[in-house]
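data18.csv (CSV, C-alpha atoms) appears below.
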```
chain,number,residue,atom,x,y,z
A,1,MET,CA,91.3,74.2,86.1
A,2,ALA,CA,87.8,74.1,84.5
A,3,GLU,CA,85.9,70.8,83.8
A,4,ASP,CA,86.8,71.0,80.1
A,5,GLY,CA,90.5,71.0,81.1
A,6,LYS,CA,91.1,74.6,80.2
A,7,ARG,CA,92.6,77.0,82.7
A,8,ARG,CA,90.7,80.2,83.2
A,9,ILE,CA,91.2,83.2,85.4
A,10,VAL,CA,88.6,85.8,86.2
A,11,GLY,CA,89.2,89.5,87.2
A,12,LEU,CA,86.3,91.3,88.9
A,13,ASP,CA,86.6,95.1,89.1
A,14,ILE,CA,84.0,96.5,91.4
A,15,GLY,CA,84.0,100.3,90.9
A,16,THR,CA,81.8,103.2,91.8
A,17,ASN,CA,80.2,103.5,88.4
A,18,LYS,CA,80.6,100.1,86.9
A,19,VAL,CA,81.3,96.5,87.7
A,20,ALA,CA,83.5,94.7,85.1
A,21,ALA,CA,84.0,90.9,84.9
A,22,ILE,CA,86.8,89.7,82.6
A,23,ILE,CA,87.5,86.1,81.8
A,24,GLY,CA,90.9,85.1,80.6
A,25,GLU,CA,92.0,81.8,79.2
A,26,VAL,CA,95.6,80.7,79.7
A,27,LEU,CA,97.1,79.4,76.5
A,28,PRO,CA,99.7,76.6,76.3
A,29,ASP,CA,102.5,79.2,75.8
A,30,GLY,CA,101.4,81.0,78.9
A,31,ALA,CA,99.8,83.9,77.2
A,32,ILE,CA,96.4,85.2,78.4
A,33,GLU,CA,93.5,85.4,75.9
A,34,VAL,CA,90.5,87.4,77.0
A,35,ILE,CA,87.4,85.4,76.0
A,36,GLY,CA,84.6,87.1,77.9
A,37,VAL,CA,83.8,90.6,79.2
A,38,GLY,CA,80.8,91.8,81.1
A,39,THR,CA,79.9,95.2,82.5
A,40,HIS,CA,77.0,96.6,84.4
A,41,ALA,CA,76.3,99.9,86.0
A,42,SER,CA,77.2,100.0,89.7
A,43,GLY,CA,74.7,101.7,92.0
A,44,GLY,CA,75.7,100.3,95.4
A,45,LEU,CA,79.1,101.9,95.9
A,46,ARG,CA,80.3,105.4,96.9
A,47,LYS,CA,83.9,106.3,96.4
A,48,GLY,CA,84.8,102.6,96.0
A,49,VAL,CA,83.1,101.5,99.2
A,50,VAL,CA,80.0,99.3,99.3
A,51,VAL,CA,77.0,101.3,100.7
A,52,ASN,CA,74.2,99.1,99.4
A,53,VAL,CA,74.8,95.3,99.4
A,54,GLU,CA,71.7,94.3,97.4
A,55,SER,CA,72.4,96.8,94.6
A,56,THR,CA,76.1,95.7,94.5
A,57,VAL,CA,75.2,92.0,94.4
A,58,GLN,CA,72.8,92.6,91.5
A,59,SER,CA,75.5,94.6,89.6
A,60,ILE,CA,78.0,91.8,90.1
A,61,GLN,CA,75.6,89.2,89.0
A,62,ARG,CA,74.7,91.0,85.8
A,63,ALA,CA,78.3,91.6,84.9
A,64,VAL,CA,79.3,88.0,85.6
A,65,GLU,CA,76.3,86.6,83.6
A,66,GLU,CA,77.3,88.8,80.6
A,67,ALA,CA,80.9,87.6,80.7
A,68,GLU,CA,79.8,84.0,81.1
A,69,LEU,CA,77.5,84.3,78.1
A,70,MET,CA,80.3,85.8,75.9
A,71,ALA,CA,82.9,83.2,77.0
A,72,GLY,CA,80.5,80.2,77.0
A,73,ALA,CA,82.0,79.2,80.3
A,74,PRO,CA,80.8,79.5,83.9
A,75,ILE,CA,82.6,81.6,86.6
A,76,GLU,CA,83.3,80.0,89.9
A,77,ALA,CA,86.0,82.1,91.6
A,78,VAL,CA,87.5,85.6,91.0
A,79,TYR,CA,90.4,87.9,91.8
A,80,ALA,CA,88.7,91.1,92.9
A,81,GLY,CA,90.0,94.6,93.0
A,82,VAL,CA,89.6,96.7,96.2
A,83,GLY,CA,89.6,100.5,96.0
A,84,GLY,CA,88.5,103.6,98.0
A,85,SER,CA,89.9,106.2,100.3
A,86,HIS,CA,90.4,103.7,103.0
A,87,ILE,CA,93.4,102.2,101.2
A,88,GLY,CA,96.6,103.1,103.0
A,89,CYS,CA,100.3,102.2,102.9
A,90,VAL,CA,103.4,102.2,104.9
A,91,ASN,CA,107.1,101.3,104.0
A,92,SER,CA,108.7,99.1,106.6
A,93,ASP,CA,112.0,97.3,107.1
A,94,GLY,CA,113.0,93.9,108.5
A,95,VAL,CA,116.2,92.1,109.4
A,96,VAL,CA,117.0,88.4,110.1
A,97,PRO,CA,120.1,86.2,110.4
A,98,ILE,CA,121.0,84.0,107.5
A,99,THR,CA,121.2,80.7,109.3
A,100,SER,CA,123.0,78.5,106.7
A,101,GLY,CA,125.5,81.0,105.3
A,102,GLU,CA,123.5,81.2,102.1
A,103,VAL,CA,120.1,82.9,101.5
A,104,ARG,CA,117.4,80.3,101.3
A,105,ARG,CA,113.7,80.8,100.5
A,106,GLN,CA,112.8,80.4,104.2
A,107,ASP,CA,115.2,83.3,105.1
A,108,ILE,CA,113.4,85.5,102.6
A,109,GLU,CA,110.0,84.5,104.0
A,110,ALA,CA,111.3,85.3,107.5
A,111,VAL,CA,112.7,88.7,106.6
A,112,MET,CA,109.4,89.6,104.8
A,113,GLN,CA,107.4,88.6,107.9
A,114,ALA,CA,109.7,90.8,110.0
A,115,ALA,CA,109.2,93.7,107.6
A,116,SER,CA,105.5,93.2,107.7
A,117,ALA,CA,105.2,93.4,111.4
A,118,VAL,CA,103.7,96.9,111.4
A,119,PRO,CA,101.2,98.1,114.0
A,120,THR,CA,97.7,97.9,112.4
A,121,PRO,CA,94.6,99.4,114.0
A,122,ALA,CA,91.8,96.9,114.9
A,123,ASP,CA,89.6,98.2,112.1
A,124,GLN,CA,92.3,97.8,109.5
A,125,ARG,CA,93.8,94.7,107.8
A,126,ILE,CA,96.9,94.1,105.8
A,127,LEU,CA,95.9,93.6,102.2
A,128,HIS,CA,99.3,93.1,100.5
A,129,VAL,CA,103.0,93.1,101.3
A,130,LEU,CA,105.3,93.9,98.4
A,131,PRO,CA,109.1,93.6,98.5
A,132,GLN,CA,111.1,96.7,97.6
A,133,ASP,CA,114.9,96.0,98.1
A,134,TYR,CA,117.1,93.5,99.9
A,135,VAL,CA,120.4,94.1,101.6
A,136,VAL,CA,122.8,91.2,102.2
A,137,ASP,CA,125.6,92.0,104.7
A,138,GLY,CA,125.4,95.7,103.9
A,139,GLN,CA,125.3,95.2,100.1
A,140,GLU,CA,122.4,97.4,99.0
A,141,GLY,CA,120.2,97.2,95.9
A,142,VAL,CA,119.8,93.4,95.8
A,143,ARG,CA,116.8,92.4,93.7
A,144,LYS,CA,117.0,88.6,94.0
A,145,PRO,CA,118.9,87.5,97.1
A,146,LEU,CA,118.2,83.7,96.7
A,147,GLY,CA,121.5,81.8,96.8
A,148,MET,CA,123.7,84.7,97.9
A,149,SER,CA,126.3,84.1,100.7
A,150,GLY,CA,126.0,86.1,103.8
A,151,VAL,CA,125.1,86.3,107.5
A,152,ARG,CA,122.5,89.1,107.7
A,153,LEU,CA,119.5,89.7,105.4
A,154,GLU,CA,117.5,93.0,105.4
A,155,ALA,CA,114.5,93.8,103.4
A,156,GLY,CA,112.2,96.8,102.7
A,157,ALA,CA,108.5,96.1,102.2
A,158,HIS,CA,105.6,98.2,101.0
A,159,VAL,CA,102.6,97.2,103.2
A,160,VAL,CA,99.2,98.0,101.8
A,161,THR,CA,96.3,98.2,104.3
A,162,CYS,CA,92.6,98.6,104.0
A,163,ALA,CA,89.5,99.0,106.2
A,164,ALA,CA,88.6,95.5,107.4
A,165,ASN,CA,84.8,96.0,107.1
A,166,ALA,CA,85.1,97.6,103.6
A,167,ALA,CA,87.0,94.6,102.4
A,168,ARG,CA,84.7,92.1,104.1
A,169,ASN,CA,81.6,93.8,102.5
A,170,VAL,CA,83.2,93.3,99.0
A,171,GLU,CA,83.8,89.7,99.8
A,172,LYS,CA,80.3,89.3,101.1
A,173,CYS,CA,78.8,90.7,98.0
A,174,ILE,CA,80.8,88.4,95.8
A,175,GLU,CA,80.0,85.3,97.9
A,176,ARG,CA,76.3,86.1,97.7
A,177,CYS,CA,76.6,85.7,94.0
A,178,GLY,CA,77.8,82.1,94.5
A,179,LEU,CA,81.4,82.9,93.8
A,180,ARG,CA,84.6,82.3,95.7
A,181,VAL,CA,87.2,85.0,96.2
A,182,HIS,CA,90.7,83.8,95.4
A,183,ARG,CA,92.3,87.1,96.5
A,184,LEU,CA,91.4,90.7,97.1
A,185,VAL,CA,93.9,93.0,95.3
A,186,PRO,CA,94.5,96.7,95.7
A,187,ALA,CA,93.0,98.2,92.5
A,188,PRO,CA,96.0,100.5,91.8
A,189,LEU,CA,98.4,97.6,92.0
A,190,ALA,CA,96.3,95.6,89.5
A,191,SER,CA,96.1,98.5,87.1
A,192,SER,CA,99.9,99.0,87.2
A,193,HIS,CA,100.5,95.4,86.0
A,194,ALA,CA,98.1,96.0,83.1
A,195,VAL,CA,99.5,99.3,81.7
A,196,LEU,CA,103.1,99.8,82.9
A,197,THR,CA,106.3,98.4,81.3
A,198,ASN,CA,109.4,97.2,83.2
A,199,ASP,CA,111.4,100.1,81.8
A,200,GLU,CA,108.9,102.6,83.3
A,201,ARG,CA,109.1,100.9,86.7
A,202,ASP,CA,112.9,100.9,86.6
A,203,LEU,CA,113.2,104.5,85.5
A,204,GLY,CA,110.5,105.7,88.0
A,205,VAL,CA,106.9,106.4,87.1
A,206,CYS,CA,103.7,107.7,88.7
A,207,LEU,CA,100.6,105.9,87.6
A,208,VAL,CA,97.4,107.9,88.0
A,209,ASP,CA,94.2,105.7,87.8
A,210,ILE,CA,91.2,108.0,87.4
A,211,GLY,CA,88.0,106.2,88.4
A,212,ALA,CA,84.5,107.6,89.0
A,213,GLY,CA,84.7,107.9,92.8
A,214,THR,CA,88.5,108.1,93.6
A,215,THR,CA,91.8,108.6,91.8
A,216,ASP,CA,94.5,106.0,92.8
A,217,ILE,CA,98.2,106.9,92.7
A,218,THR,CA,101.0,104.4,92.5
A,219,VAL,CA,104.7,105.4,92.4
A,220,PHE,CA,107.4,103.1,91.2
A,221,ALA,CA,111.2,103.7,91.4
A,222,ASN,CA,114.1,101.4,90.8
A,223,GLY,CA,111.7,98.6,89.8
A,224,ALA,CA,109.7,98.6,93.0
A,225,ILE,CA,106.6,100.2,94.3
A,226,ARG,CA,107.3,103.0,96.7
A,227,ARG,CA,104.0,104.8,97.4
A,228,THR,CA,100.3,104.1,97.2
A,229,ALA,CA,97.7,106.9,97.8
A,230,VAL,CA,94.1,107.7,97.0
A,231,ILE,CA,92.6,111.1,96.3
A,232,PRO,CA,88.8,111.5,96.7
A,233,ILE,CA,88.4,113.5,93.5
A,234,ALA,CA,87.6,111.7,90.2
A,235,GLY,CA,85.2,111.5,87.3
A,236,ASP,CA,82.0,111.9,89.4
A,237,GLN,CA,83.2,115.3,90.6
A,238,VAL,CA,83.6,116.4,86.9
A,239,THR,CA,80.1,115.2,86.2
A,240,ASN,CA,78.7,117.1,89.2
A,241,ASP,CA,80.5,120.3,88.2
A,242,ILE,CA,79.0,120.1,84.7
A,243,ALA,CA,75.5,119.4,86.1
A,244,MET,CA,75.6,122.2,88.6
A,245,SER,CA,77.2,124.8,86.3
A,246,LEU,CA,75.0,124.5,83.2
A,247,PRO,CA,72.5,123.4,84.9
A,248,THR,CA,71.4,120.0,83.5
A,249,PRO,CA,70.3,116.6,84.9
A,250,LYS,CA,73.2,114.5,86.2
A,251,ARG,CA,72.6,111.7,83.6
A,252,GLU,CA,72.8,114.3,80.8
A,253,ALA,CA,76.0,115.8,82.4
A,254,GLU,CA,77.6,112.3,82.4
A,255,GLU,CA,76.8,111.9,78.7
A,256,ILE,CA,78.2,115.4,77.9
A,257,LYS,CA,81.4,114.5,79.8
A,258,ILE,CA,81.8,111.3,77.8
A,259,LYS,CA,81.0,112.7,74.4
A,260,TYR,CA,82.1,116.3,74.4
A,261,ALA,CA,84.3,117.1,77.4
A,262,CYS,CA,87.9,118.3,76.8
A,263,ALA,CA,90.5,118.7,79.5
A,264,LEU,CA,92.2,121.6,77.8
A,265,THR,CA,90.1,124.6,76.7
A,266,ARG,CA,92.6,125.8,74.1
A,267,LEU,CA,92.1,122.6,72.1
A,268,VAL,CA,88.4,123.4,71.5
A,269,GLN,CA,87.3,125.5,68.5
A,270,PRO,CA,85.5,128.7,69.6
A,271,ASP,CA,82.6,128.1,67.2
A,272,GLU,CA,81.8,124.6,68.5
A,273,THR,CA,78.4,124.3,70.2
A,274,ILE,CA,76.4,121.5,71.8
A,275,ASN,CA,72.8,121.2,72.8
A,276,VAL,CA,72.3,120.9,76.6
A,277,ALA,CA,69.1,119.5,78.1
A,278,GLY,CA,67.3,121.7,80.5
A,279,VAL,CA,66.1,120.8,84.0
A,280,GLY,CA,62.4,119.9,84.4
A,281,ASP,CA,60.3,121.3,81.5
A,282,ARG,CA,62.9,123.7,80.3
A,283,PRO,CA,63.8,123.2,76.6
A,284,PRO,CA,67.3,122.3,75.4
A,285,ARG,CA,69.7,125.2,74.7
A,286,PRO,CA,72.9,125.5,72.7
A,287,LEU,CA,76.1,126.2,74.6
A,288,PRO,CA,79.7,126.7,73.5
A,289,ARG,CA,81.8,123.5,73.9
A,290,GLN,CA,84.5,125.8,75.3
A,291,ALA,CA,82.3,126.5,78.3
A,292,ILE,CA,82.2,122.8,79.1
A,293,ALA,CA,86.0,122.6,78.7
A,294,GLU,CA,86.5,125.4,81.1
A,295,ILE,CA,84.5,123.6,83.8
A,296,VAL,CA,86.3,120.3,83.2
A,297,GLU,CA,89.8,121.8,83.0
A,298,ALA,CA,89.4,123.6,86.3
A,299,ARG,CA,88.5,120.4,88.2
A,300,LEU,CA,91.1,118.2,86.5
A,301,GLU,CA,93.8,120.9,87.1
A,302,GLU,CA,92.9,120.7,90.8
A,303,LEU,CA,93.1,116.9,90.8
A,304,PHE,CA,96.5,116.9,89.1
A,305,GLY,CA,97.6,119.6,91.6
A,306,PHE,CA,96.8,117.2,94.5
A,307,VAL,CA,98.8,114.4,92.8
A,308,LYS,CA,101.8,116.7,92.2
A,309,GLU,CA,101.7,117.7,95.9
A,310,GLU,CA,101.6,114.1,96.9
A,311,LEU,CA,104.8,113.5,94.9
A,312,ARG,CA,106.4,116.6,96.3
A,313,VAL,CA,105.6,116.0,99.9
A,314,ASN,CA,106.9,112.4,99.7
A,315,GLY,CA,110.0,113.3,97.8
A,316,PHE,CA,109.2,111.6,94.5
A,317,GLU,CA,109.2,114.6,92.1
A,318,GLU,CA,112.8,113.8,91.0
A,319,SER,CA,112.3,110.0,91.1
A,320,VAL,CA,109.8,109.6,88.3
A,321,ALA,CA,112.0,110.0,85.2
A,322,ALA,CA,109.4,108.2,83.0
A,323,GLY,CA,106.8,110.8,83.9
A,324,VAL,CA,103.1,110.3,84.6
A,325,VAL,CA,100.9,107.5,83.1
A,326,LEU,CA,97.2,108.1,83.1
A,327,THR,CA,94.6,105.2,83.0
A,328,GLY,CA,91.1,104.3,84.3
A,329,GLY,CA,87.7,105.2,82.9
A,330,GLY,CA,88.3,108.9,83.6
A,331,ALA,CA,91.5,109.0,81.4
A,332,ARG,CA,89.5,108.6,78.2
A,333,MET,CA,89.2,112.4,77.6
A,334,GLU,CA,90.6,114.6,74.9
A,335,GLY,CA,93.4,116.8,76.0
A,336,LEU,CA,94.1,114.9,79.3
A,337,ALA,CA,97.7,114.1,78.6
A,338,GLU,CA,98.4,117.6,77.5
A,339,LEU,CA,96.9,119.1,80.6
A,340,ALA,CA,98.9,116.6,82.8
A,341,GLU,CA,102.1,117.6,81.0
A,342,SER,CA,101.4,121.2,81.7
A,343,VAL,CA,100.7,120.7,85.4
A,344,PHE,CA,103.4,118.1,86.2
A,345,GLU,CA,106.0,119.7,83.9
A,346,MET,CA,107.1,116.2,82.8
A,347,PRO,CA,106.1,113.6,80.1
A,348,ALA,CA,102.5,112.3,80.4
A,349,SER,CA,100.6,109.7,78.5
A,350,VAL,CA,97.3,107.8,78.6
A,351,ALA,CA,97.7,104.0,78.7
A,352,ALA,CA,95.4,101.1,78.0
A,353,PRO,CA,95.9,97.5,79.1
A,354,LYS,CA,98.7,95.5,77.5
A,355,HIS,CA,100.0,92.0,77.8
A,356,VAL,CA,96.8,90.1,76.8
A,357,GLY,CA,95.2,88.9,73.6
A,358,GLY,CA,91.8,87.8,72.6
A,359,LEU,CA,89.1,90.5,72.7
A,360,GLN,CA,91.6,93.3,72.4
A,361,ASP,CA,89.1,95.6,70.6
A,362,ILE,CA,87.2,95.7,73.9
A,363,VAL,CA,89.7,95.5,76.6
A,364,ARG,CA,92.4,97.8,75.0
A,365,ASN,CA,90.7,100.6,76.8
A,366,PRO,CA,91.8,102.4,80.0
A,367,LEU,CA,88.4,101.6,81.5
A,368,TYR,CA,89.5,97.9,81.9
A,369,ALA,CA,93.0,98.5,83.4
A,370,THR,CA,92.1,97.1,86.8
A,371,GLY,CA,90.2,94.1,85.4
A,372,VAL,CA,93.0,93.1,83.0
A,373,GLY,CA,95.6,93.6,85.7
A,374,LEU,CA,93.7,91.2,88.0
A,375,LEU,CA,94.0,88.5,85.3
A,376,ILE,CA,97.8,89.1,85.0
A,377,LEU,CA,98.3,88.9,88.7
A,378,GLY,CA,96.0,86.0,89.1
A,379,LYS,CA,97.9,84.0,86.5
A,380,ARG,CA,101.2,84.9,88.1
A,381,GLU,CA,100.1,83.7,91.5
A,382,GLU,CA,98.7,80.4,90.2
A,383,ASP,CA,101.9,79.8,88.2
A,384,GLU,CA,104.0,80.4,91.4
A,385,SER,CA,101.7,78.3,93.5
A,386,SER,CA,101.8,75.3,91.2
A,387,GLY,CA,105.5,75.8,90.7
A,388,ASP,CA,106.6,75.5,94.3
A,389,GLY,CA,103.8,73.2,95.4
A,390,ARG,CA,102.2,75.8,97.8
A,391,SER,CA,98.6,76.4,98.0
A,392,ARG,CA,96.9,79.8,98.4
A,393,SER,CA,96.7,81.1,101.9
A,394,SER,CA,94.6,83.8,103.5
A,395,GLY,CA,97.4,84.6,105.9
A,396,LEU,CA,100.3,86.9,105.6
A,397,LEU,CA,102.3,84.8,103.2
A,398,GLY,CA,99.2,84.4,101.1
A,399,ARG,CA,98.9,88.2,100.9
A,400,ILE,CA,102.5,88.4,99.9
A,401,GLY,CA,101.7,85.8,97.2
A,402,SER,CA,103.5,85.8,93.9
A,403,TRP,CA,104.5,89.4,94.2
A,404,PHE,CA,107.0,88.2,96.9
A,405,ARG,CA,108.0,85.0,95.1
A,406,GLU,CA,108.7,86.7,91.8
A,407,ASN,CA,111.4,88.7,93.5
A,408,VAL,CA,113.4,85.8,94.9
```
Structure re-expressed in C-alpha cells:
Amino acid sequence: MAEDGKRRIVGLDIGTNKVAAIIGEVLPDGAIEVIGVGTHASGGLRKGVVVNVESTVQSIQRAVEEAELMAGAPIEAVYAGVGGSHIGCVNSDGVVPITSGEVRRQDIEAVMQAASAVPTPADQRILHVLPQDYVVDGQEGVRKPLGMSGVRLEAGAHVVTCAANAARNVEKCIERCGLRVHRLVPAPLASSHAVLTNDERDLGVCLVDIGAGTTDITVFANGAIRRTAVIPIAGDQVTNDIAMSLPTPKREAEEIKIKYACALTRLVQPDETINVAGVGDRPPRPLPRQAIAEIVEARLEELFGFVKEELRVNGFEESVAAGVVLTGGGARMEGLAELAESVFEMPASVAAPKHVGGLQDIVRNPLYATGVGLLILGKREEDESSGDGRSRSSGLLGRIGSWFRENV
C-alpha cells in the first residue's frame, strides 16, 4: 500500500531489446488500471540473459523513471519477468495421505511439496511450481480438492526452473536501482495471464511469445499448464537476416523490419518498393518490398517449424484445439497469423493484453504482454496473501504462491 493509501503494483519486463515498467493501480472493485508506462532500450542483455550489469541497471532506471513520471507516483518494489534459454521445466507427481478424512489446505501444501521434490542441479533453482491436476482416491480430473473426502491425495505439478546465476543477476540489477523484488516470474507464464482466456486454456492452446532474443512457448490443456519451452530464434535473427541480405546497417534493418516487413510474401504487392540505406558511403537504393518479405518469411517459417516440432515431440499436436496464439514484440508484423496458420495447420491469432484498464491505447499491444501479465499475477498473489493472512515467502511455497492457492 502506498503512502497515499492507494494500492499499486509494478511489473518490470527486462527484455533483450527493451525494458518496460508498468504501474497498475488496483481500484475498489478489484480491477487494475494502468497509470504509468515507461520503456527504454536494453543494451545489457543477450537472449534474455544479463551480460552487462551497468547497462542493464541504466535501462531499468530510465524505464522506471519514465513510468513514475507518467503515474505521478514512486516505485518501490516490482514483480519482474525472467526469460532466456536457461528456463526449463519438468512435470512431476506427488502423493500424500489425507490425515483427517477430508482434504485440508495443509494436505494440498504437502502434496505440492512432494510433487516439487525433483532433482535440481546445483546451478539451477526452482522458479515456480504450478498445479496441474489432483486425484482423490483414484478419482482423476479434480481441479479443486479442498473439502473432498478421501484417504489418498495425488497431484501433478509443472515445475519451472532457471539458471540460479541468471536469476540472481536480474535481481542484482533491480536492487542496484533501489528497488525490491517481490517475485521473479517466468516471462511466458506472465504473458499467458495477459492474453489468454479461460476457454482457450480449457480447450488447449499454444502461446508463442516472440521477443527479440528468444521465443517462449507455453502449452495449456484442460485448464492447466503442460509445457514450457524456449527457442533461441526471435526478432533479432530476423533483423540480422535483413541486414546481411541487403546489406544495410543493423539499425536500418530494424527500422525496415518494424515499418515494412511482412511475414507472408504473397500479401505484398509486386510493385511496392522501399529505399534501403547503404553501408558506409554507399547511397540508398530502392528495393522491392517483396524481397524483404521473402527474407522474413523464410526465418519465421523456420521458427514456426521448431515450435511445431516441439508440439509434436511432446505429444501436444492434438491437444491444442484452440490453436496458436501469438504475442510479444515480434508478433506485431503483417501476415504473421496467416503464416502461422499455414505452418501449424490450425487456427492462429495475434493477441494483445486484456483484463486491464487505464492506458489501454498504450498497453493494448503485444509488446506489453509480459509487463501486463506481471501486474495481473502480482495482484492475484497479494489478494491471496492478504486473504489467508500469509506473507510472501522466498521458499518453495512462496514460489508456488497464488498460482497454487487459486486452485484449491
Q | Residues near Leu203 in chain A, cut-off 9 Å, all atoms listed in the file, skip fewer than 2 positions along chain, as a list in words | A |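 With the cut-off at 9 Å, the set is Asn198, Asp199, Glu200, Arg201, Val205, Phe220, Ala221, Asn222, Gly223, Ser319, Val320, Ala321 and Ala322 of chain A.
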Q: Rank nothing, just name the residue among A:Val219, A:Arg266, A:Ala243, A:Gly335 nearest to Gly315 in chain A, using all atoms listed in the file.
A: A:Val219
**Q.** For Val103 in chain A, the nearest of the candidates A:Ser149, A:Asn314, A:Thr39, A:Thr218, counting all atoms listed in the file
**A.**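 Nearest to Val103 in chain A: A:Ser149.
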**Q.** Residues near His182 in chain A, cut-off 7 Å, all atoms listed in the file, skip fewer than 4 positions along chain, as a list in words
**A.**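 Surrounding residues, per the criterion: Ala77, Val78 and Tyr79 of chain A.
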Q. Which polymer residues have any atom within 8 Å of an atom of range 224-240 of chain A, counting only C-alpha atoms, with same-chain residues fewer than 4 positions away left out, as a ChimeraX atom specification?
A. /A:47,84-85,87-91,130-133,158,160,188,201-202,210-220,244,250,253-254,257,295-296,299-300,303,306-307,330
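The gap separating CA of Pro347 in chain A from CA of Val324 in chain A is 6.3 Å, in Å to one decimal.
For the pair CA of Ala194 in chain A and CA of Arg332 in chain A, the interatomic distance is 16.0 Å.
The interatomic distance for the pair CA of Val49 in chain A and CA of Asn17 in chain A works out to 11.4 Å.
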(Q) With distances taken over only C-alpha atoms, which residue among A:Glu171, A:Ala31, A:Phe344, A:Ala369 lies nearest Glu310 in chain A? (A) A:Phe344
Q. Of the residues A:Glu76, A:Glu54, A:Glu154, A:Glu252, which is the one nearest to Gly11 in chain A, using only C-alpha atoms?
A.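 That would be A:Glu76, the residue with the smallest distance to Gly11 in chain A.
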